[in-house]
Each structure stands twice: as structure tokens, then as C-alpha cells.
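Enquirer: Okay, so here is protein_28.txt, and as you'll see once you scroll down, it has compact mmCIF, C-alpha atoms.
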# COMPACT_ATOMS: atom_id res chain seq x y z
CA MET C 1 71.15 68.08 27.80
CA THR C 2 69.59 71.18 29.33
CA ASN C 3 69.29 73.10 32.57
CA GLY C 4 72.87 72.76 33.79
CA PRO C 5 76.42 73.76 32.98
CA VAL C 6 78.02 72.17 29.97
CA GLY C 7 78.82 68.62 30.97
CA GLY C 8 77.26 69.15 34.39
CA ALA C 9 73.87 67.62 33.65
CA SER C 10 75.44 64.77 31.76
CA ASP C 11 77.79 64.09 34.66
CA LEU C 12 74.86 64.10 37.07
CA PHE C 13 72.85 61.56 35.07
CA GLU C 14 75.89 59.32 34.76
CA ALA C 15 76.47 59.67 38.51
CA LEU C 16 73.01 58.30 39.24
CA TYR C 17 74.13 54.99 37.77
CA ASP C 18 77.32 55.07 39.84
CA ASP C 19 76.91 55.87 43.53
CA GLU C 20 75.95 58.63 45.94
CA ASP C 21 79.50 59.95 46.16
CA ALA C 22 79.44 60.48 42.40
CA VAL C 23 76.16 62.40 42.73
CA VAL C 24 77.75 64.63 45.37
CA ARG C 25 80.76 65.27 43.14
CA ALA C 26 78.55 66.16 40.16
CA LEU C 27 76.51 68.59 42.24
CA ARG C 28 79.63 70.19 43.69
CA ALA C 29 81.03 70.51 40.18
CA GLY C 30 78.07 72.68 39.25
CA ALA C 31 75.39 70.34 37.95
CA SER C 32 71.93 71.66 38.76
CA ALA C 33 69.72 69.49 40.96
CA GLU C 34 66.95 70.37 38.48
CA SER C 35 68.88 68.94 35.53
CA CYS C 36 66.93 67.10 32.84
CA ASP C 37 67.92 65.17 29.74
CA GLU C 38 67.03 65.83 26.11
CA GLU C 39 63.63 64.18 26.61
CA GLY C 40 62.77 66.34 29.58
CA THR C 41 63.28 63.62 32.19
CA THR C 42 64.53 65.17 35.41
CA ALA C 43 67.33 63.68 37.46
CA LEU C 44 64.96 63.48 40.43
CA TYR C 45 62.37 61.54 38.45
CA LEU C 46 65.00 59.08 37.21
CA ALA C 47 66.37 58.57 40.73
CA SER C 48 62.83 58.04 42.01
CA VAL C 49 61.83 55.38 39.49
CA GLN C 50 65.21 53.66 39.84
CA ASP C 51 64.68 53.38 43.63
CA LEU C 52 67.73 55.39 44.63
CA PRO C 53 66.69 56.90 47.98
CA GLY C 54 70.14 58.27 48.77
CA ALA C 55 70.40 60.09 45.45
CA VAL C 56 66.82 61.34 45.84
CA ARG C 57 67.65 62.88 49.21
CA LEU C 58 70.81 64.50 47.82
CA LEU C 59 68.92 66.03 44.91
CA LEU C 60 66.15 67.30 47.18
CA ALA C 61 68.67 68.81 49.58
CA ALA C 62 70.33 70.54 46.62
CA GLY C 63 67.03 72.15 45.61
CA ALA C 64 65.24 69.72 43.30
CA ASP C 65 61.48 70.38 43.26
CA PRO C 66 59.62 67.21 44.35
CA ASN C 67 56.51 68.37 42.48
CA ARG C 68 58.16 69.20 39.17
CA ALA C 69 56.69 67.23 36.28
CA SER C 70 59.04 65.28 34.04
CA GLY C 71 59.18 63.69 30.60
CA PRO C 72 58.49 64.75 27.00
CA GLU C 73 54.95 65.94 27.77
CA SER C 74 55.72 66.95 31.37
CA GLY C 75 53.28 64.28 32.45
CA ASP C 76 55.32 62.24 34.94
CA LEU C 77 55.78 63.00 38.63
CA PRO C 78 58.58 61.69 40.86
CA LEU C 79 56.10 60.63 43.56
CA CYS C 80 53.96 58.71 41.08
CA GLY C 81 57.01 57.06 39.53
CA ALA C 82 58.23 55.92 42.94
CA ALA C 83 54.74 54.73 43.94
CA CYS C 84 54.35 52.80 40.69
CA GLY C 85 57.58 50.93 41.43
CA GLY C 86 56.65 50.24 45.05
CA HIS C 87 59.62 52.28 46.33
CA ALA C 88 58.37 53.15 49.82
CA GLU C 89 61.58 54.78 51.07
CA VAL C 90 61.73 57.10 48.07
CA VAL C 91 58.04 57.95 48.51
CA GLY C 92 58.72 58.88 52.13
CA ALA C 93 61.68 61.06 51.18
CA LEU C 94 59.69 62.92 48.53
CA LEU C 95 56.77 63.52 50.88
CA SER C 96 59.11 64.79 53.60
CA ALA C 97 60.52 67.26 51.07
CA GLY C 98 57.08 68.63 50.25
CA ALA C 99 55.72 66.40 47.50
CA GLU C 100 51.95 66.84 47.30
CA PRO C 101 50.39 63.40 47.86
CA ASP C 102 47.30 64.02 45.72
CA LEU C 103 48.99 65.66 42.74
CA SER C 104 48.00 63.80 39.57
CA GLU C 105 49.91 62.93 36.42
CA ASP C 106 48.50 62.85 32.90
CA PHE C 107 45.22 60.93 32.68
CA GLY C 108 44.48 61.55 36.37
CA PHE C 109 46.74 58.98 38.02
CA THR C 110 47.81 59.87 41.56
CA ALA C 111 50.48 58.11 43.59
CA LEU C 112 47.79 56.40 45.69
CA ARG C 113 45.97 55.22 42.56
CA TRP C 114 49.20 53.61 41.31
CA ALA C 115 49.89 51.98 44.69
CA ALA C 116 46.35 50.66 45.09
CA GLY C 117 46.21 49.26 41.58
CA LEU C 118 49.58 47.52 41.81
CA GLY C 119 49.27 46.18 45.35
CA HIS C 120 52.07 48.27 46.86
CA ALA C 121 50.53 48.33 50.32
CA GLY C 122 53.53 49.84 52.11
CA VAL C 123 53.51 52.78 49.72
CA ALA C 124 49.75 53.22 50.16
CA GLU C 125 50.17 53.24 53.94
CA THR C 126 52.87 55.92 53.70
CA LEU C 127 50.80 58.10 51.38
CA LEU C 128 47.70 57.84 53.54
CA ALA C 129 49.65 58.62 56.70
CA ARG C 130 50.97 61.77 54.98
CA GLY C 131 47.52 63.02 53.99
CA ALA C 132 46.59 61.37 50.70
CA ASP C 133 42.83 61.47 50.11
CA PRO C 134 41.53 57.88 50.40
CA ASP C 135 38.48 58.73 48.28
CA LEU C 136 40.08 60.73 45.46
CA PRO C 137 38.86 59.17 42.16
CA GLY C 138 41.27 57.99 39.51
CA PRO C 139 41.12 58.15 35.70
CA GLN C 140 37.90 56.15 35.29
CA GLY C 141 36.27 57.68 38.35
CA GLU C 142 37.07 54.67 40.54
CA VAL C 143 38.10 55.38 44.12
CA PRO C 144 41.22 53.66 45.52
CA LEU C 145 39.14 51.25 47.63
CA VAL C 146 37.47 49.78 44.53
CA VAL C 147 40.83 49.53 42.78
CA ALA C 148 42.42 47.81 45.80
CA ALA C 149 39.48 45.41 46.05
CA ARG C 150 39.95 44.43 42.41
CA ARG C 151 43.67 43.99 42.97
CA GLY C 152 43.03 41.67 45.93
CA SER C 153 45.39 43.46 48.33
CA VAL C 154 43.96 42.99 51.82
CA ARG C 155 46.65 45.13 53.43
CA THR C 156 45.89 48.06 51.13
CA VAL C 157 42.15 47.76 51.78
CA ARG C 158 42.76 47.74 55.53
CA ALA C 159 44.93 50.86 55.23
CA LEU C 160 42.25 52.68 53.24
CA LEU C 161 39.56 51.72 55.75
CA ARG C 162 41.72 52.90 58.67
CA HIS C 163 42.09 56.26 56.97
CA GLY C 164 38.38 56.74 56.40
CA ALA C 165 37.65 55.42 52.91
CA ARG C 166 33.90 55.66 52.45
CA ASP C 167 32.77 53.90 49.27
CA LEU C 168 32.47 50.41 50.77
CA SER C 169 29.51 49.18 48.73
CA PRO C 170 31.06 49.41 45.24
CA ALA C 171 34.30 47.97 46.62
CA LEU C 172 32.35 45.03 48.07
CA ASP C 173 30.63 44.49 44.71
CA GLU C 174 34.05 44.39 43.05
CA ALA C 175 35.51 41.95 45.60
CA ARG C 176 32.51 39.65 45.20
CA ARG C 177 32.81 39.85 41.41
CA MET C 178 36.45 38.86 41.58
CA LEU C 179 35.53 35.87 43.74
CA THR C 180 33.55 34.48 40.82
CA LEU C 181 36.58 34.57 38.51
CA ASP C 182 39.63 32.42 37.95
CA VAL C 183 42.48 34.86 38.64
CA GLU C 184 44.99 32.96 36.51
CA GLN C 185 42.62 32.89 33.54
CA GLU C 186 41.86 36.58 33.96
CA LEU C 187 45.56 37.36 33.73
CA ARG C 188 46.00 35.14 30.68
CA ASP C 189 43.07 36.80 28.96
CA ALA C 190 44.44 40.27 29.68
CA LEU C 191 47.84 39.36 28.25
CA ARG C 192 46.22 37.78 25.21
CA ARG C 193 44.26 40.96 24.55
CA GLY C 194 47.44 42.98 24.75
CA TYR C 195 49.91 40.72 22.94
CA GLY C 196 47.95 38.09 21.06
CA ASP C 197 48.43 34.39 21.65
CA GLU C 198 50.56 33.22 18.74
CA GLY C 199 54.04 31.87 19.38
CA HIS C 200 54.10 32.75 23.06
CA GLU C 201 55.00 30.40 25.85
CA SER C 202 53.66 31.19 29.29
CA ALA C 203 54.56 30.50 32.87
CA VAL C 204 52.69 30.96 36.15
CA ARG C 205 54.25 31.86 39.46
CA ARG C 206 52.63 32.03 42.89
CA ALA C 207 54.22 33.73 45.86
CA ARG C 208 53.04 34.53 49.37
CA VAL C 209 52.88 38.30 49.84
CA ASP C 210 51.32 40.31 52.68
CA GLY C 211 49.22 37.44 54.03
CA GLY C 212 47.98 36.34 50.63
CA VAL C 213 49.09 34.88 47.33
CA THR C 214 50.26 36.88 44.33
CA VAL C 215 49.64 35.11 41.02
CA THR C 216 51.86 36.18 38.13
CA VAL C 217 51.38 35.05 34.53
CA GLU C 218 54.42 35.61 32.31
CA LEU C 219 54.69 35.53 28.52
CA LEU C 220 57.94 34.20 27.10
CA ARG C 221 59.43 34.59 23.65
CA GLY C 222 62.34 32.29 22.92
CA GLY C 223 62.46 31.51 26.61
CA GLU C 224 62.83 35.19 27.52
CA LEU C 225 60.25 37.11 29.54
CA PHE C 226 58.69 39.98 27.58
CA ALA C 227 55.39 40.65 29.38
CA SER C 228 53.65 39.78 32.62
CA GLN C 229 50.67 40.68 34.77
CA ASP C 230 49.82 39.82 38.34
CA LEU C 231 47.00 39.94 40.86
CA GLN C 232 46.65 39.14 44.52
CA THR C 233 44.03 36.72 45.77
CA GLY C 234 42.74 38.27 48.98
CA HIS C 235 39.27 38.95 47.57
CA GLY C 236 37.56 36.69 50.11
CA ALA C 237 39.09 38.51 53.07
CA ILE C 238 38.34 41.86 51.46
CA ALA C 239 34.69 40.95 50.98
CA THR C 240 34.49 39.86 54.61
CA LEU C 241 36.11 43.07 55.88
CA LEU C 242 33.81 45.25 53.80
CA GLU C 243 30.72 43.32 54.88
CA ASP C 244 31.73 43.90 58.48
CA GLY C 245 32.13 47.62 57.78
CA LEU C 246 28.68 47.74 56.21
CA GLY C 247 27.04 45.66 58.95
CA LEU C 248 26.26 42.82 56.53
CA ARG C 249 26.25 39.14 57.45
CA ALA C 250 27.42 36.64 54.84
CA PRO C 251 26.08 33.07 55.11
CA PHE C 252 28.44 30.89 57.12
CA GLU C 253 28.85 28.50 54.20
CA GLU C 254 29.95 31.38 51.98
CA LEU C 255 32.59 32.30 54.56
CA ALA C 256 33.77 28.70 54.54
CA VAL C 257 34.08 28.76 50.74
CA ARG C 258 36.22 31.91 50.96
CA ALA C 259 38.45 30.36 53.58
CA LEU C 260 38.92 27.10 51.73
CA ARG C 261 39.51 28.73 48.34
CA ASP C 262 43.29 28.87 48.81
CA GLY C 263 43.39 25.94 51.23
CA ASP C 264 45.83 27.61 53.61
CA PRO C 265 45.00 28.45 57.25
CA GLY C 266 47.84 30.97 57.27
CA LEU C 267 46.30 33.27 54.65
CA ASP C 268 44.04 36.29 55.13
CA ASN C 269 41.07 34.68 53.38
CA TRP C 270 41.00 31.97 56.04
CA ARG C 271 41.73 34.23 59.01
CA ALA C 272 39.13 36.83 58.06
CA ALA C 273 36.40 34.20 57.69
CA VAL C 274 37.31 32.56 61.01
CA GLY C 275 37.37 35.94 62.76
CA ALA C 276 33.96 36.91 61.40
CA LEU C 277 32.46 33.65 62.66
CA TRP C 278 34.09 34.00 66.08
CA LEU C 279 32.31 37.32 66.54
CA ARG C 280 28.92 35.82 65.79
CA GLY C 281 29.11 33.39 68.67
CA ASP C 282 25.63 32.02 68.02
CA GLU C 283 24.07 28.58 67.97
CA GLU C 284 23.85 28.45 64.18
CA THR C 285 27.58 29.01 63.87
CA PHE C 286 28.35 26.40 66.51
CA GLN C 287 26.26 23.82 64.70
CA ALA C 288 28.03 24.61 61.42
CA ALA C 289 31.49 24.41 63.01
CA ALA C 290 30.67 21.12 64.74
CA ALA C 291 29.49 19.68 61.42
CA TRP C 292 32.70 20.84 59.72
CA THR C 293 34.82 19.02 62.30
CA ALA C 294 33.02 15.79 61.32
CA SER C 295 33.65 16.30 57.60
CA GLU C 296 35.61 13.81 55.52
CA ASP C 297 37.63 16.74 54.15
CA PRO C 298 40.62 17.39 56.48
CA LEU C 299 40.80 21.04 55.42
CA ARG C 300 37.14 21.62 56.25
CA GLN C 301 37.71 19.85 59.56
CA ARG C 302 40.55 22.25 60.28
CA PHE C 303 38.30 25.19 59.48
CA GLY C 304 35.73 23.88 61.94
CA VAL C 305 38.40 23.53 64.63
CA ASP C 306 39.65 27.06 64.07
CA VAL C 307 36.11 28.45 64.33
CA LEU C 308 35.47 26.54 67.57
CA ALA C 309 38.77 27.77 69.01
CA ARG C 310 37.36 31.14 70.08
CA LEU C 311 33.69 30.98 69.14
CA GLY C 312 31.77 33.50 71.21
CA PHE C 313 34.79 34.52 73.28
CA GLY C 314 34.14 38.15 72.33
CA THR C 315 31.12 38.16 74.64
CA GLY C 316 33.44 37.94 77.62
CA GLY C 317 32.67 34.28 78.22
CA LYS C 318 33.08 30.90 76.57
CA PRO C 319 29.48 29.96 75.81
CA PHE C 320 30.16 26.69 73.96
CA THR C 321 32.70 25.14 76.32
CA VAL C 322 30.53 22.19 77.38
CA ARG C 323 29.95 21.05 73.81
CA ALA C 324 33.09 22.27 72.04
CA VAL C 325 35.69 20.80 74.40
CA PRO C 326 34.68 17.13 73.92
CA LEU C 327 34.78 17.55 70.13
CA LEU C 328 38.21 19.13 70.28
CA ARG C 329 39.57 16.52 72.70
CA GLU C 330 38.47 13.71 70.41
CA LEU C 331 40.19 15.33 67.44
CA ALA C 332 43.32 15.99 69.47
CA ARG C 333 43.39 12.29 70.34
CA THR C 334 42.47 10.69 67.02
CA ALA C 335 43.17 13.07 64.14
CA GLY C 336 46.31 13.31 62.03
CA PRO C 337 49.22 15.39 63.33
CA GLU C 338 48.29 18.75 61.81
CA LEU C 339 44.63 18.64 62.74
CA ALA C 340 45.43 17.22 66.20
CA ASP C 341 47.84 20.10 66.82
CA ALA C 342 45.17 22.62 65.82
CA ALA C 343 42.66 20.97 68.16
CA THR C 344 45.19 20.99 71.00
CA ARG C 345 45.81 24.72 70.49
CA ALA C 346 42.07 25.34 70.45
CA LEU C 347 41.69 23.45 73.73
CA ALA C 348 44.35 25.65 75.31
CA GLY C 349 42.09 28.64 74.71
CA TYR C 350 39.27 27.00 76.64
CA GLU C 351 41.55 25.98 79.48
CA ALA C 352 43.20 29.41 79.84
CA GLU C 353 42.11 31.59 82.70
CA PRO C 354 39.83 34.52 81.77
CA GLY C 355 41.95 37.40 80.53
CA GLY C 356 44.94 35.07 80.18
What's the C-alpha cells form of this structure?
Expert:
Amino acid sequence: MTNGPVGGASDLFEALYDDEDAVVRALRAGASAESCDEEGTTALYLASVQDLPGAVRLLLAAGADPNRASGPESGDLPLCGAACGGHAEVVGALLSAGAEPDLSEDFGFTALRWAAGLGHAGVAETLLARGADPDLPGPQGEVPLVVAARRGSVRTVRALLRHGARDLSPALDEARRMLTLDVEQELRDALRRGYGDEGHESAVRRARVDGGVTVTVELLRGGELFASQDLQTGHGAIATLLEDGLGLRAPFEELAVRALRDGDPGLDNWRAAVGALWLRGDEETFQAAAAWTASEDPLRQRFGVDVLARLGFGTGGKPFTVRAVPLLRELARTAGPELADAATRALAGYEAEPGG
């Protein structure tokens, strides 16, 4: 151990695995807040990657440098370690103590690059709000917006756009490319490249996260997890958002494909497509939506109902009331429970007073 009184640094590192009171005692006993172990890992870096916000604040208050590099090659930064783990509270504490948001580790990784690539949207939002450059390239020259588009994190893409990210075209190309792929197979292929495919069992998990679905493929050895990779599936919504930012107009059938890809009206892919069609408010879109409501596919019918629900309302009027209301009333009367409920809610929008 180095950079502390004899026993002091050791006591401090042990205290990190205990509790905040133990950290206070170690500091009062003379351990330096800048203590590091025999490999050069600082106490602050360890507390940051272990998601110990209380310990991080204590170390910072005692004088730990939030920008001090850590590790054998001095290539690891506390802010990047916290961002990589998705530890938003720690990231906020480090930034408040003066951590530079755009400082890069070895190979050019910044905290925002880690957050964008791993889908840690809350961390990305915090970094951007504290001045991180939304267009600062990463190791391969890719800007965070392209990385977030590949990841499929709609929330991260929205945060980057709000903070002025500019490279929309390459990000749109990446989102569209991802739409042509099977996410689960992409993850399997990546794991196979890294670990081979002999003697490994695998498992797939899907979880709703931030308005989308996160797909995780795990490799098991003897029933024990030893490797995994994951991606989010908001590529359809991301493509739609970026097209809107670029003033592009995707074919209405392409928007329907994006919405129906996950088959869930509660997800961003669906909501973004519906919202884009609402804003069009033209005859072509009405005809498409009316045809969808007559489909034999209940999910496509639901999509048509959701599009009709506020089609053209952005103009300040309700231009399709005369034709949309009878369609919706018929569905409310004859369709199955879920579709009938959606039609009833859509009708309420037509019956509401202007501005209500």
C-alpha cells in the first residue's frame, strides 16, 4: 500500500467494504483520501465503481481529486468508472466536486461515451446537464449520438438531441441498419466471437427499460453465468426521431413496421410512429389508418385506432372527425375488449372540447 500512513491506506480500503462510519474512522485515523493500493487503484476510483455515493462524498470532502487517474497504467478515471456502471448518484457527486465531464481515459473513452454505449440514460442526462460535449468523438471517431443509436436507447438519444447533438445523419444510418438485424442473433454472434461456441449453454432475457426492451444474451458454463451482452430495441423510435430532426418523411407503412416490431403499444417504437403520423394529418395518412382498422390483424387494427385518435389535431382542429368517429364507434361496439377500449379512448379525444 502507498500514499498513506502505515496501516492507514489498508484500513481505508477495508472500510469501503464496511460502511460510511468506518470510512470516517479511517480518515480520522490518518488515512489519506488519496490513498491507493499496490496496483495504483485509488480509494475514490474503487468507491466510484462500487457505487458507494456516501463514501465518494466523504473522500471528496477529505481532499480526494475527482480527476486523478487510477490503476496500473493510470488509465482509469473515477467519473468513467461510475458512468460505466450506470451509477448516476456517484456521477453527480464527482461532477459537483469538479470532475471534468469530457476528460478521457486510455483509448479515448469519456464518461459520456461509456454511458451512451451501455444505455445508461440517466448518467448521460446528468453528464450533458453538467456540460459534457454531445459531439465529442470516442475511440473510433464515433460521436455519442451514433453510439446511442446503435445501442437502441431512445432516452439517451433524446437527451443528446436536447443538448444540441449535431450528427443526425450518421446516427440515422446506424438506427436504420440496426432495424435490419435480429438483435438477439447479433448478441449471440458477438459472444461467439469473444468466447467461442463449444460447451456453452445460453439464455435470453428480455426486460422493459426506459420505454423499450433490453435483450440480454447470457453464456453459462456448468449452469453459472460467465459472460453476457445486451442491447436495447428502440431503433425504430430513434430512426423516427432523427428523421423528424432532419425533416425527412418515412413512408407510413415503414412507420407501421417499426411500431409493430415489438407488438406493444406501450413502447417507444409504437408511440414515436403514432406521434409522427399524427403530425402529418393528411388524407394519405387517414386512408392508411382507416385501412389498418379493417385489418384481420388485431395489433394492426390497434395501430390504426391509435393513429386516428389524434390525427391532424396539431393543426388546431379535428379535420377527420366526420369519417373517423363512425369507424371508432363501430370498433368500440364490436371489437374485443382491448381494441374496444382503445377505440373508446380515441372517441373521447374527438368529443372533448377544444383545449380540453
Enquirer: Residues near C:Val325, anyone? I mean within 12 Å using only C-alpha atoms, not counting same-chain ones fewer than 6 positions away, as a PyMOL selection string.
Expert: chain C and resi 290+305+308-311+318-319+331-332+343-351
Enquirer: Hey, which of C:Gly212, C:Gly131, C:Gly199, C:Gly40 ends up closest to C:His163? Count only C-alpha atoms.
Expert: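 Closest to C:His163, using only C-alpha atoms: C:Gly131.
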Enquirer: I'd like the contact shell of C:Val257 - 10 Å cut-off, all atoms listed in the file, skipping same-chain residues fewer than 4 positions apart - returned as a VMD selection string.
Expert: chain C and resid 236 252 to 253 261 to 263 269 to 270 273 300
Enquirer: Those residues with C-alpha atoms, as a PDB file, keeping the file's coordinate frame please?
Expert:
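So result.pdb came out as:
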ATOM      1  CA  GLY C 236      37.560  36.690  50.110  1.00  0.00           C
ATOM      2  CA  PHE C 252      28.440  30.890  57.120  1.00  0.00           C
ATOM      3  CA  GLU C 253      28.850  28.500  54.200  1.00  0.00           C
ATOM      4  CA  ARG C 261      39.510  28.730  48.340  1.00  0.00           C
ATOM      5  CA  ASP C 262      43.290  28.870  48.810  1.00  0.00           C
ATOM      6  CA  GLY C 263      43.390  25.940  51.230  1.00  0.00           C
ATOM      7  CA  ASN C 269      41.070  34.680  53.380  1.00  0.00           C
ATOM      8  CA  TRP C 270      41.000  31.970  56.040  1.00  0.00           C
ATOM      9  CA  ALA C 273      36.400  34.200  57.690  1.00  0.00           C
ATOM     10  CA  ARG C 300      37.140  21.620  56.250  1.00  0.00           C
TER      11      ARG C 300
END
Enquirer: What lies within 10 Å of C:Asp76 using only C-alpha atoms, ignoring chain neighbours under 4 positions off, as a ChimeraX atom specification?
Expert: /C:41-42,45,67-72,80-81,104-106,109
Enquirer: May I have the residues within 12 Å of stretch 196-198 of chain C as a VMD selection string, using only C-alpha atoms and disregarding those fewer than 5 positions away in the same chain?
Expert: chain C and resid 188 to 191 219 to 221 227
Enquirer: For stretch 172-261 of chain C against stretch 152-155 of chain C, with a cut-off of 9 Å and counting only C-alpha atoms, what is the closest atom pair and its distance in Å to one decimal for every residue that makes the cut, ordered by chain and number, as a Markdown table?
Expert:
| residue | atom | partner | partner_atom | distance |
| --- | --- | --- | --- | --- |
| C:Ala175 | CA | C:Gly152 | CA | 7.5 |
| C:Met178 | CA | C:Gly152 | CA | 8.4 |
| C:Asp210 | CA | C:Arg155 | CA | 6.8 |
| C:Gly211 | CA | C:Val154 | CA | 8.0 |
| C:Gly212 | CA | C:Val154 | CA | 7.9 |
| C:Thr214 | CA | C:Gly152 | CA | 8.8 |
| C:Leu231 | CA | C:Gly152 | CA | 6.7 |
| C:Gln232 | CA | C:Gly152 | CA | 4.6 |
| C:Thr233 | CA | C:Gly152 | CA | 5.1 |
| C:Gly234 | CA | C:Gly152 | CA | 4.6 |
| C:His235 | CA | C:Gly152 | CA | 4.9 |
| C:Gly236 | CA | C:Gly152 | CA | 8.5 |
| C:Ala237 | CA | C:Val154 | CA | 6.7 |
| C:Ile238 | CA | C:Val154 | CA | 5.7 |
| C:Leu241 | CA | C:Val154 | CA | 8.8 |
Enquirer: Interatomic distance between atom CA of C:Glu14 and atom CA of C:Gln50?
Expert: 13.1 Å
Enquirer: Pick out the closest residue to C:Asp244 from this set: C:Leu339, C:Leu168, C:Ala15, C:Val146. Count all atoms listed in the file.
Expert: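 Comparing C:Leu339, C:Leu168, C:Ala15, C:Val146 against C:Asp244, the winner is C:Leu168.
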Enquirer: Could you jot down the atom CA of C:Ala97 to atom CA of C:Ala61 separation for me, Å, one decimal place?
Expert: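 One can read the atom CA of C:Ala97 to atom CA of C:Ala61 distance as 8.4 Å.
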Enquirer: What is the distance, in Å and to one decimal place, between atom CA of C:Thr156 and atom CA of C:Ala121?
Expert: 4.7 Å
Enquirer: Taking all atoms listed in the file into account, name the residue in C:Gly336, C:Gly85, C:Gly314, C:Gly266 that is nearest to C:Arg280.
Expert: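 Nearest candidate to C:Arg280 out of C:Gly336, C:Gly85, C:Gly314, C:Gly266: C:Gly314.
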Enquirer: Rank nothing, just name the residue among C:Ser10, C:Val215, C:Leu128, C:Arg57 nearest to C:Asp182, using only C-alpha atoms.
Expert: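 Closest to C:Asp182, using only C-alpha atoms: C:Val215.
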Enquirer: At a cut-off of 9 Å, using only C-alpha atoms, what residues contact C:Ala93? Leave out same-chain residues fewer than 5 positions from it and give the result as a PyMOL selection string.
Expert: chain C and resi 53+56-57+60+88+98-99
Enquirer: Please report, as lines of an AutoDock Vina configuration file, the centre and edge lengths in Å to one decimal of an axis-aligned box covering all listed atoms of stretch 94-102 of chain C with 5 Å per side.
Expert:
center_x = 53.9
center_y = 65.8
center_z = 49.7
size_x = 23.2
size_y = 15.7
size_z = 17.9
